[in-house]
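Chemist: Contents of entry.txt (compact mmCIF, C-alpha atoms and all ligand atoms) are given next:
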```txt
# COMPACT_ATOMS: atom_id res chain seq x y z
CA MET P 263 -41.25 79.70 -27.59
CA PHE P 264 -42.75 77.03 -25.37
CA LYS P 265 -42.02 74.38 -27.97
CA VAL P 266 -38.37 75.36 -28.09
CA PHE P 267 -37.93 75.20 -24.33
CA LYS P 268 -39.94 72.09 -23.65
CA PRO P 269 -37.20 69.58 -24.56
CA ILE P 270 -34.73 71.52 -22.41
CA GLN P 271 -37.06 71.46 -19.42
CA TYR P 272 -37.64 67.80 -20.03
CA PHE P 273 -33.92 67.18 -20.18
CA PHE P 274 -33.23 68.97 -16.91
CA GLY P 275 -36.20 67.25 -15.31
CA LEU P 276 -34.37 63.97 -15.75
CA ILE P 277 -31.33 65.11 -13.84
CA TYR P 278 -31.91 64.73 -10.16
CA PRO P 279 -30.22 67.15 -7.77
CA ASP P 280 -26.98 65.85 -6.26
CA ILE P 281 -27.70 67.16 -2.80
CA CYS P 282 -28.88 65.17 0.20
CA GLU P 283 -32.68 65.27 0.42
CA ILE P 284 -32.47 65.44 4.21
CA CYS P 285 -29.60 67.79 5.13
CA ASN P 286 -28.98 69.51 1.75
CA LYS P 287 -25.23 68.76 1.75
CA SER P 288 -23.65 67.81 -1.56
CA LEU P 289 -23.67 64.09 -2.22
CA ALA P 290 -20.32 62.34 -2.52
CA HIS P 291 -19.52 59.98 -5.37
CA GLY P 292 -21.63 56.83 -5.03
CA GLU P 293 -24.17 58.39 -2.66
CA LYS P 294 -27.77 58.42 -3.84
CA ILE P 295 -30.78 60.46 -2.62
CA ILE P 296 -29.30 61.06 0.86
CA CYS P 297 -25.77 61.33 2.26
CA SER P 298 -24.14 58.51 4.22
CA ASN P 299 -24.68 60.27 7.57
CA CYS P 300 -28.41 60.74 6.93
CA ARG P 301 -28.64 57.17 5.67
CA ILE P 302 -27.18 55.88 8.96
CA ASP P 303 -29.78 57.93 10.81
CA ILE P 304 -32.85 56.59 8.94
CA PRO P 305 -35.26 55.45 11.68
CA LEU P 306 -35.31 51.85 10.45
CA THR P 307 -37.83 49.42 11.94
CA HIS P 308 -35.55 46.34 11.51
CA ASN P 309 -38.72 44.26 11.83
CA CYS P 310 -38.64 41.99 8.77
CA ASN P 311 -37.30 39.05 10.78
CA GLU P 312 -39.65 39.57 13.71
CA ARG P 313 -42.95 37.71 13.48
CA GLY P 314 -45.83 39.36 15.31
CA ASN P 315 -44.14 42.74 14.81
CA SER P 316 -46.16 45.95 15.13
CA VAL P 317 -46.76 46.13 11.36
CA GLU P 318 -48.25 42.62 11.32
CA GLN P 319 -50.38 43.46 14.36
CA ILE P 320 -52.19 46.13 12.31
CA PHE P 321 -53.67 43.32 10.19
CA TRP P 322 -54.60 40.91 12.95
CA GLY P 323 -58.29 40.05 12.62
CA ARG P 324 -58.53 42.07 9.41
CA ALA P 325 -56.55 40.22 6.72
CA PRO P 326 -54.90 36.77 6.97
CA ILE P 327 -51.40 37.71 5.85
CA VAL P 328 -48.26 35.58 6.06
CA ALA P 329 -45.88 38.34 7.19
CA ALA P 330 -45.44 42.11 7.03
CA ALA P 331 -42.56 44.55 7.33
CA SER P 332 -41.82 48.23 6.87
CA TYR P 333 -38.48 49.84 6.13
CA PHE P 334 -38.60 52.92 8.36
CA PHE P 335 -40.79 54.75 10.86
CA PHE P 336 -42.79 57.66 9.53
CA THR P 337 -43.01 59.90 12.54
CA ARG P 338 -44.60 63.32 12.83
CA GLY P 339 -42.04 66.06 12.30
CA SER P 340 -39.36 63.66 11.03
CA ASN P 341 -37.22 64.94 8.16
CA TYR P 342 -37.52 61.56 6.52
CA ARG P 343 -41.20 62.21 5.70
CA THR P 344 -39.96 64.47 2.93
CA LEU P 345 -38.67 61.44 1.00
CA LEU P 346 -42.17 59.98 0.72
CA HIS P 347 -43.67 63.36 -0.08
CA LYS P 348 -41.24 63.94 -2.95
CA LEU P 349 -41.77 60.42 -4.24
CA LYS P 350 -45.51 60.96 -4.36
CA TYR P 351 -45.96 64.58 -5.33
CA ALA P 352 -42.70 65.92 -6.79
CA SER P 353 -41.96 63.47 -9.61
CA ARG P 354 -39.05 61.93 -7.69
CA ASP P 355 -39.69 58.34 -8.72
CA ASP P 356 -35.96 57.67 -8.24
CA ILE P 357 -36.54 57.91 -4.47
CA GLY P 358 -38.95 54.96 -4.68
CA ILE P 359 -36.54 52.86 -6.72
CA THR P 360 -33.50 53.54 -4.51
CA LEU P 361 -35.26 53.14 -1.16
CA GLY P 362 -37.02 50.06 -2.54
CA LEU P 363 -33.60 48.60 -3.35
CA TRP P 364 -32.26 49.30 0.16
CA PHE P 365 -35.39 47.79 1.70
CA GLY P 366 -35.12 44.81 -0.67
CA ASN P 367 -31.55 44.16 0.49
CA GLU P 368 -32.91 43.87 4.02
CA LEU P 369 -35.87 41.66 3.01
CA ALA P 370 -33.47 39.40 1.12
CA THR P 371 -32.04 38.36 4.51
CA CYS P 372 -35.48 37.26 5.79
CA GLU P 373 -36.37 33.59 5.34
CA ILE P 374 -40.12 34.24 5.30
CA PHE P 375 -39.89 36.40 2.17
CA SER P 376 -37.61 33.99 0.31
CA ASP P 377 -40.40 32.15 -1.55
CA ILE P 378 -42.15 35.27 -2.90
CA ASP P 379 -43.43 34.68 -6.46
CA TYR P 380 -44.68 38.14 -7.45
CA ILE P 381 -44.17 41.64 -6.15
CA ILE P 382 -47.44 43.54 -6.62
CA PRO P 383 -47.94 47.27 -6.02
CA VAL P 384 -51.18 48.54 -4.50
CA PRO P 385 -52.67 49.84 -7.73
CA LEU P 386 -53.63 53.42 -8.47
CA HIS P 387 -56.75 54.23 -10.45
CA SER P 388 -55.92 55.01 -14.08
CA LYS P 389 -57.11 58.62 -13.61
CA LYS P 390 -54.70 59.18 -10.73
CA LEU P 391 -51.94 57.40 -12.62
CA LYS P 392 -52.40 59.85 -15.47
CA ILE P 393 -52.17 62.84 -13.14
CA ARG P 394 -49.09 61.58 -11.24
CA GLY P 395 -47.39 59.97 -14.22
CA TYR P 396 -46.43 56.83 -12.29
CA ASN P 397 -47.54 54.66 -9.41
CA GLN P 398 -45.18 55.42 -6.51
CA SER P 399 -45.68 51.92 -5.08
CA GLU P 400 -44.67 50.39 -8.39
CA LYS P 401 -41.39 52.33 -8.25
CA ILE P 402 -40.74 50.85 -4.79
CA CYS P 403 -41.53 47.43 -6.30
CA ASP P 404 -38.93 48.02 -9.03
CA GLY P 405 -36.28 48.60 -6.36
CA LEU P 406 -37.42 45.58 -4.34
CA ALA P 407 -37.40 43.46 -7.49
CA SER P 408 -33.76 44.14 -8.24
CA ALA P 409 -32.74 43.21 -4.69
CA LEU P 410 -34.99 40.15 -4.39
CA ASN P 411 -34.66 39.03 -8.00
CA LYS P 412 -38.43 38.51 -8.29
CA PRO P 413 -40.81 39.82 -10.95
CA VAL P 414 -43.15 42.80 -10.49
CA ASP P 415 -46.74 42.29 -11.60
CA SER P 416 -48.67 45.54 -11.94
CA LYS P 417 -51.38 44.26 -14.27
CA THR P 418 -53.19 41.49 -12.39
CA VAL P 419 -54.59 43.54 -9.49
CA ILE P 420 -56.22 46.79 -10.54
CA ARG P 421 -58.14 49.62 -8.91
CA SER P 422 -61.44 49.81 -10.73
CA GLU P 423 -63.07 52.65 -8.81
CA PHE P 424 -61.81 56.14 -8.25
CA THR P 425 -61.67 57.13 -4.58
CA ASN P 426 -61.07 60.45 -2.93
CA THR P 427 -57.88 61.03 -1.00
CA GLN P 428 -57.56 59.11 2.26
CA THR P 429 -55.48 61.65 4.14
CA LYS P 430 -58.28 63.49 5.98
CA LYS P 431 -60.40 60.42 6.73
CA ASN P 432 -60.59 58.43 9.95
CA ARG P 433 -60.12 54.67 10.05
CA MET P 434 -63.80 53.76 9.44
CA GLU P 435 -64.19 56.32 6.64
CA ARG P 436 -60.99 55.05 5.02
CA TRP P 437 -62.24 51.48 5.13
CA HIS P 438 -65.60 52.39 3.52
CA ASN P 439 -63.75 54.45 0.93
CA VAL P 440 -61.64 51.54 -0.32
CA SER P 441 -63.58 48.40 0.64
CA ASN P 442 -64.78 47.68 -2.87
CA VAL P 443 -62.36 49.26 -5.27
CA PHE P 444 -59.89 46.48 -6.12
CA GLU P 445 -60.31 43.87 -8.79
CA VAL P 446 -58.26 40.81 -9.77
CA LYS P 447 -57.98 40.57 -13.54
CA ASN P 448 -56.36 37.17 -13.85
CA PRO P 449 -56.87 35.15 -10.64
CA ALA P 450 -55.39 31.96 -12.17
CA LYS P 451 -51.97 33.62 -12.36
CA LEU P 452 -51.88 34.09 -8.59
CA LYS P 453 -53.23 30.66 -7.61
CA GLY P 454 -51.02 28.99 -4.99
CA LYS P 455 -48.47 31.83 -5.16
CA HIS P 456 -46.89 33.92 -2.43
CA ILE P 457 -47.47 37.58 -3.22
CA LEU P 458 -45.61 40.52 -1.76
CA LEU P 459 -48.10 43.39 -1.75
CA VAL P 460 -46.36 46.77 -1.63
CA ASP P 461 -47.47 50.25 -0.61
CA ASP P 462 -45.56 53.43 0.18
CA VAL P 463 -46.92 54.21 3.66
CA LEU P 464 -48.85 52.13 6.18
CA THR P 465 -51.16 54.27 8.30
CA THR P 466 -54.49 52.66 9.27
CA GLY P 467 -53.94 49.73 6.91
CA ALA P 468 -57.39 50.19 5.32
CA THR P 469 -56.12 50.23 1.75
CA LEU P 470 -53.86 47.19 2.18
CA GLU P 471 -56.59 45.33 4.06
CA ALA P 472 -59.07 45.97 1.24
CA CYS P 473 -56.56 44.99 -1.41
CA CYS P 474 -55.57 41.78 0.41
CA ASN P 475 -59.16 40.72 0.91
CA ALA P 476 -60.09 41.51 -2.70
CA ILE P 477 -57.28 39.20 -3.85
CA LEU P 478 -58.07 36.45 -1.32
CA SER P 479 -61.77 36.43 -2.17
CA ASN P 480 -60.84 35.77 -5.81
CA VAL P 481 -57.98 33.32 -5.56
CA GLU P 482 -56.32 30.98 -3.10
CA CYS P 483 -52.87 32.37 -2.46
CA ARG P 484 -50.62 33.70 0.32
CA ILE P 485 -49.99 37.40 0.80
CA SER P 486 -47.25 39.25 2.65
CA ILE P 487 -47.00 43.00 2.96
CA ALA P 488 -44.09 45.41 2.58
CA THR P 489 -44.34 49.17 2.99
CA LEU P 490 -41.53 51.66 2.81
CA ALA P 491 -42.79 53.65 5.77
CA PHE P 492 -44.82 52.85 8.87
CA ALA P 493 -46.75 55.68 10.51
CA HIS P 494 -46.91 54.46 14.08
ZN ZN Y 501 -27.60 64.30 4.62
```
Is it possible to give me this structure as structure tokens?
Ligand SMILES: [Zn+2]
Modeler:
Amino acid sequence: MFKVFKPIQYFFGLIYPDICEICNKSLAHGEKIICSNCRIDIPLTHNCNERGNSVEQIFWGRAPIVAAASYFFFTRGSNYRTLLHKLKYASRDDIGITLGLWFGNELATCEIFSDIDYIIPVPLHSKKLKIRGYNQSEKICDGLASALNKPVDSKTVIRSEFTNTQTKKNRMERWHNVSNVFEVKNPAKLKGKHILLVDDVLTTGATLEACCNAILSNVECRISIATLAFAH
């Protein structure tokens, strides 16, 4: 019986619901993920053109980045948190691609991101990748890539150690948890390049800091950071 139904479940799994993920209203033709009203209300940071913005300040004294920007604020109790939750835990990789594209359209207007060479997702460990089926940050990269017309590289920087979830750890614990887990497979490829390092949510910045410093200790390059959400 299971074998008969499996392809059907698989088929329906590929069809995403055509209701707004925020207000549950039916989506109109051309609308994706959320309706136009909810899209207007996204708490955007609009900080990609602002140097010294609050996202960049997170990394001051911790990682020598070129620039950083986030697409929207990730505030406690906000309905928009659900988008990230579904992207990460409910197989809604389309949310990452679409929001990545919207964010990419904004980044495309920022001079400082115009000479990006590679878009690199913060890597997941292969064990976690197997469980989740995809790297949510890589899906965001795919959206960014189509807006910025730059290649995604998900092979050069890898996560070589498995770490426990960061969510219940404080800033120091998070830093210890990730300080040694990233590895650069092919440093020569990144030499002299400007990399856009991408993650889904910026909270303490420990993961991005560790990833940046792992890359910079292996190869001379410039790194900027883009995250879909900023928990401020
Ligand atoms: Zn809506």
Chemist: Using all atoms listed in the file, what table do you get, as JSON lines, when you list each residue of chain P with an atom no more than 6 Å from ligand ZN 501 (chain Y), its nearest pair of atoms, and their distance in Å rounded to one decimal, rows by chain then rising number?
Modeler:
```
{"residue": "P:Cys282", "atom": "CA", "partner": "Y:ZN501", "partner_atom": "ZN", "distance": 4.7}
{"residue": "P:Ile284", "atom": "CA", "partner": "Y:ZN501", "partner_atom": "ZN", "distance": 5.0}
{"residue": "P:Cys285", "atom": "CA", "partner": "Y:ZN501", "partner_atom": "ZN", "distance": 4.1}
{"residue": "P:Lys287", "atom": "CA", "partner": "Y:ZN501", "partner_atom": "ZN", "distance": 5.8}
{"residue": "P:Ile296", "atom": "CA", "partner": "Y:ZN501", "partner_atom": "ZN", "distance": 5.2}
{"residue": "P:Cys297", "atom": "CA", "partner": "Y:ZN501", "partner_atom": "ZN", "distance": 4.2}
{"residue": "P:Asn299", "atom": "CA", "partner": "Y:ZN501", "partner_atom": "ZN", "distance": 5.8}
{"residue": "P:Cys300", "atom": "CA", "partner": "Y:ZN501", "partner_atom": "ZN", "distance": 4.3}
```
Chemist: Work out how far apart CA of Thr337 in chain P and CA of Ser399 in chain P are and give it in Å to one decimal.
Modeler: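 Going from CA of Thr337 in chain P over to CA of Ser399 in chain P, I get 19.5 Å.
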Chemist: What does the distance between CA of Leu478 in chain P and CA of Ile374 in chain P come to in Å, to one decimal place?
Modeler: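 Result for CA of Leu478 in chain P versus CA of Ile374 in chain P: 19.3 Å, one decimal.
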Chemist: Quick one: of P:Val446, P:Leu459, P:Ala331, P:Ala468, who's nearest to Pro383 in chain P, counting all atoms listed in the file?
Modeler: P:Leu459
Chemist: Give me the range 440-459 of chain P side of the contact with range 410-425 of chain P, cut-off 8 Å, one line per residue showing its nearest atom pair and distance in Å at one decimal, counting all atoms listed in the file, sorted by chain and residue number, as JSON lines.
Modeler:
```
{"residue": "P:Val440", "atom": "CA", "partner": "P:Thr425", "partner_atom": "CA", "distance": 7.0}
{"residue": "P:Asn442", "atom": "CA", "partner": "P:Glu423", "partner_atom": "CA", "distance": 7.9}
{"residue": "P:Val443", "atom": "CA", "partner": "P:Glu423", "partner_atom": "CA", "distance": 5.0}
{"residue": "P:Phe444", "atom": "CA", "partner": "P:Arg421", "partner_atom": "CA", "distance": 4.6}
{"residue": "P:Glu445", "atom": "CA", "partner": "P:Ile420", "partner_atom": "CA", "distance": 5.3}
{"residue": "P:Val446", "atom": "CA", "partner": "P:Val419", "partner_atom": "CA", "distance": 4.6}
{"residue": "P:Lys447", "atom": "CA", "partner": "P:Thr418", "partner_atom": "CA", "distance": 5.0}
{"residue": "P:Asn448", "atom": "CA", "partner": "P:Thr418", "partner_atom": "CA", "distance": 5.6}
{"residue": "P:Pro449", "atom": "CA", "partner": "P:Thr418", "partner_atom": "CA", "distance": 7.5}
{"residue": "P:Lys451", "atom": "CA", "partner": "P:Thr418", "partner_atom": "CA", "distance": 8.0}
```
Chemist: Using only C-alpha atoms, give me every residue within 7 Å of (-55.4, 34.8, 4.3) in file coordinates, as a count of residues only.
Modeler: 6
Chemist: In the coordinate frame of the file, compute which residues have an atom within 12 Å of (-34.6, 43.6, 0.9) when using only C-alpha atoms, and state them as a PyMOL selection string.
Modeler: chain P and resi 308-311+331-333+360-376+378+402-412+458+488-490
Chemist: Restricting the calculation to only C-alpha atoms: of P:Glu318, P:Asp355, P:Glu482, P:Asp377, which residue gets closest to Leu470 in chain P?
Modeler: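 Among the listed residues, P:Glu318 lies closest to Leu470 in chain P.
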Chemist: Mind giving me the straight-line distance from CA of Asn286 in chain P to CA of Asn341 in chain P in Å, one decimal?
Modeler: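 For CA of Asn286 in chain P relative to CA of Asn341 in chain P, the distance reads 11.4 Å.
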Chemist: Of the candidates P:Lys389, P:Arg394, P:Arg324, P:Lys455, which shows the shortest atom-to-atom distance to Arg354 in chain P, using all atoms listed in the file?
Modeler: P:Arg394
Chemist: Looking at only C-alpha atoms, which of P:Tyr342, P:Phe492, P:Tyr278, P:Phe321 is the one that sits closest to Arg301 in chain P?
Modeler: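 Closest candidate: P:Tyr342.
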Chemist: Point out the residue among P:Ile281, P:Gly323, P:Ala329, P:Tyr351 with the least atom-to-atom distance to Lys294 in chain P, counting only C-alpha atoms.
Modeler: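 Looking at the shortest contact to Lys294 in chain P, the residue is P:Ile281.
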Chemist: Missing atoms in range 289-316 of chain P should be modelled up to N, CA and C atoms and reported as a PDB file, keeping the file's coordinate frame.
Modeler:
```
ATOM      1  N   LEU P 289     -23.892  65.527  -2.313  1.00  0.00           N
ATOM      2  CA  LEU P 289     -23.670  64.090  -2.220  1.00  0.00           C
ATOM      3  C   LEU P 289     -22.280  63.748  -2.734  1.00  0.00           C
ATOM      4  N   ALA P 290     -21.625  62.816  -2.066  1.00  0.00           N
ATOM      5  CA  ALA P 290     -20.320  62.340  -2.520  1.00  0.00           C
ATOM      6  C   ALA P 290     -20.523  61.313  -3.620  1.00  0.00           C
ATOM      7  N   HIS P 291     -19.443  60.978  -4.309  1.00  0.00           N
ATOM      8  CA  HIS P 291     -19.520  59.980  -5.370  1.00  0.00           C
ATOM      9  C   HIS P 291     -20.073  58.665  -4.811  1.00  0.00           C
ATOM     10  N   GLY P 292     -21.060  58.108  -5.483  1.00  0.00           N
ATOM     11  CA  GLY P 292     -21.630  56.830  -5.030  1.00  0.00           C
ATOM     12  C   GLY P 292     -22.821  56.985  -4.097  1.00  0.00           C
ATOM     13  N   GLU P 293     -23.010  58.189  -3.526  1.00  0.00           N
ATOM     14  CA  GLU P 293     -24.170  58.390  -2.660  1.00  0.00           C
ATOM     15  C   GLU P 293     -25.393  58.702  -3.522  1.00  0.00           C
ATOM     16  N   LYS P 294     -26.533  58.192  -3.088  1.00  0.00           N
ATOM     17  CA  LYS P 294     -27.770  58.420  -3.840  1.00  0.00           C
ATOM     18  C   LYS P 294     -28.856  58.920  -2.901  1.00  0.00           C
ATOM     19  N   ILE P 295     -29.619  59.912  -3.337  1.00  0.00           N
ATOM     20  CA  ILE P 295     -30.780  60.460  -2.620  1.00  0.00           C
ATOM     21  C   ILE P 295     -30.381  61.170  -1.311  1.00  0.00           C
ATOM     22  N   ILE P 296     -29.712  60.440  -0.405  1.00  0.00           N
ATOM     23  CA  ILE P 296     -29.300  61.060   0.860  1.00  0.00           C
ATOM     24  C   ILE P 296     -27.831  60.719   1.137  1.00  0.00           C
ATOM     25  N   CYS P 297     -27.190  61.553   1.972  1.00  0.00           N
ATOM     26  CA  CYS P 297     -25.770  61.330   2.260  1.00  0.00           C
ATOM     27  C   CYS P 297     -25.610  60.154   3.232  1.00  0.00           C
ATOM     28  N   SER P 298     -24.395  59.694   3.382  1.00  0.00           N
ATOM     29  CA  SER P 298     -24.140  58.510   4.220  1.00  0.00           C
ATOM     30  C   SER P 298     -24.557  58.755   5.669  1.00  0.00           C
ATOM     31  N   ASN P 299     -24.304  59.977   6.174  1.00  0.00           N
ATOM     32  CA  ASN P 299     -24.680  60.270   7.570  1.00  0.00           C
ATOM     33  C   ASN P 299     -26.182  60.186   7.756  1.00  0.00           C
ATOM     34  N   CYS P 300     -26.941  60.768   6.811  1.00  0.00           N
ATOM     35  CA  CYS P 300     -28.410  60.740   6.930  1.00  0.00           C
ATOM     36  C   CYS P 300     -28.929  59.325   6.711  1.00  0.00           C
ATOM     37  N   ARG P 301     -28.200  58.557   5.900  1.00  0.00           N
ATOM     38  CA  ARG P 301     -28.640  57.170   5.670  1.00  0.00           C
ATOM     39  C   ARG P 301     -28.481  56.350   6.963  1.00  0.00           C
ATOM     40  N   ILE P 302     -27.393  56.589   7.681  1.00  0.00           N
ATOM     41  CA  ILE P 302     -27.180  55.880   8.960  1.00  0.00           C
ATOM     42  C   ILE P 302     -28.294  56.219   9.948  1.00  0.00           C
ATOM     43  N   ASP P 303     -28.779  57.468   9.838  1.00  0.00           N
ATOM     44  CA  ASP P 303     -29.780  57.930  10.810  1.00  0.00           C
ATOM     45  C   ASP P 303     -31.229  57.604  10.430  1.00  0.00           C
ATOM     46  N   ILE P 304     -31.459  56.939   9.308  1.00  0.00           N
ATOM     47  CA  ILE P 304     -32.850  56.590   8.940  1.00  0.00           C
ATOM     48  C   ILE P 304     -33.459  55.785  10.101  1.00  0.00           C
ATOM     49  N   PRO P 305     -34.658  56.184  10.555  1.00  0.00           N
ATOM     50  CA  PRO P 305     -35.260  55.450  11.680  1.00  0.00           C
ATOM     51  C   PRO P 305     -35.821  54.095  11.229  1.00  0.00           C
ATOM     52  N   LEU P 306     -34.910  53.155  10.970  1.00  0.00           N
ATOM     53  CA  LEU P 306     -35.310  51.850  10.450  1.00  0.00           C
ATOM     54  C   LEU P 306     -36.101  51.049  11.480  1.00  0.00           C
ATOM     55  N   THR P 307     -37.047  50.238  10.992  1.00  0.00           N
ATOM     56  CA  THR P 307     -37.830  49.420  11.940  1.00  0.00           C
ATOM     57  C   THR P 307     -37.082  48.126  12.276  1.00  0.00           C
ATOM     58  N   HIS P 308     -36.255  47.620  11.348  1.00  0.00           N
ATOM     59  CA  HIS P 308     -35.550  46.340  11.510  1.00  0.00           C
ATOM     60  C   HIS P 308     -36.506  45.215  11.902  1.00  0.00           C
ATOM     61  N   ASN P 309     -37.728  45.229  11.345  1.00  0.00           N
ATOM     62  CA  ASN P 309     -38.720  44.260  11.830  1.00  0.00           C
ATOM     63  C   ASN P 309     -39.015  43.112  10.869  1.00  0.00           C
ATOM     64  N   CYS P 310     -38.259  42.997   9.759  1.00  0.00           N
ATOM     65  CA  CYS P 310     -38.640  41.990   8.770  1.00  0.00           C
ATOM     66  C   CYS P 310     -38.425  40.567   9.261  1.00  0.00           C
ATOM     67  N   ASN P 311     -37.536  40.395  10.251  1.00  0.00           N
ATOM     68  CA  ASN P 311     -37.300  39.050  10.780  1.00  0.00           C
ATOM     69  C   ASN P 311     -38.085  38.762  12.054  1.00  0.00           C
ATOM     70  N   GLU P 312     -38.939  39.703  12.438  1.00  0.00           N
ATOM     71  CA  GLU P 312     -39.650  39.570  13.710  1.00  0.00           C
ATOM     72  C   GLU P 312     -41.124  39.269  13.441  1.00  0.00           C
ATOM     73  N   ARG P 313     -41.537  38.054  13.704  1.00  0.00           N
ATOM     74  CA  ARG P 313     -42.950  37.710  13.480  1.00  0.00           C
ATOM     75  C   ARG P 313     -43.777  38.247  14.647  1.00  0.00           C
ATOM     76  N   GLY P 314     -44.980  38.732  14.297  1.00  0.00           N
ATOM     77  CA  GLY P 314     -45.830  39.360  15.310  1.00  0.00           C
ATOM     78  C   GLY P 314     -45.394  40.799  15.570  1.00  0.00           C
ATOM     79  N   ASN P 315     -44.585  41.353  14.640  1.00  0.00           N
ATOM     80  CA  ASN P 315     -44.140  42.740  14.810  1.00  0.00           C
ATOM     81  C   ASN P 315     -45.315  43.723  14.720  1.00  0.00           C
ATOM     82  N   SER P 316     -45.056  44.985  15.038  1.00  0.00           N
ATOM     83  CA  SER P 316     -46.160  45.950  15.130  1.00  0.00           C
ATOM     84  C   SER P 316     -46.841  46.214  13.781  1.00  0.00           C
TER      85      SER P 316
END
```
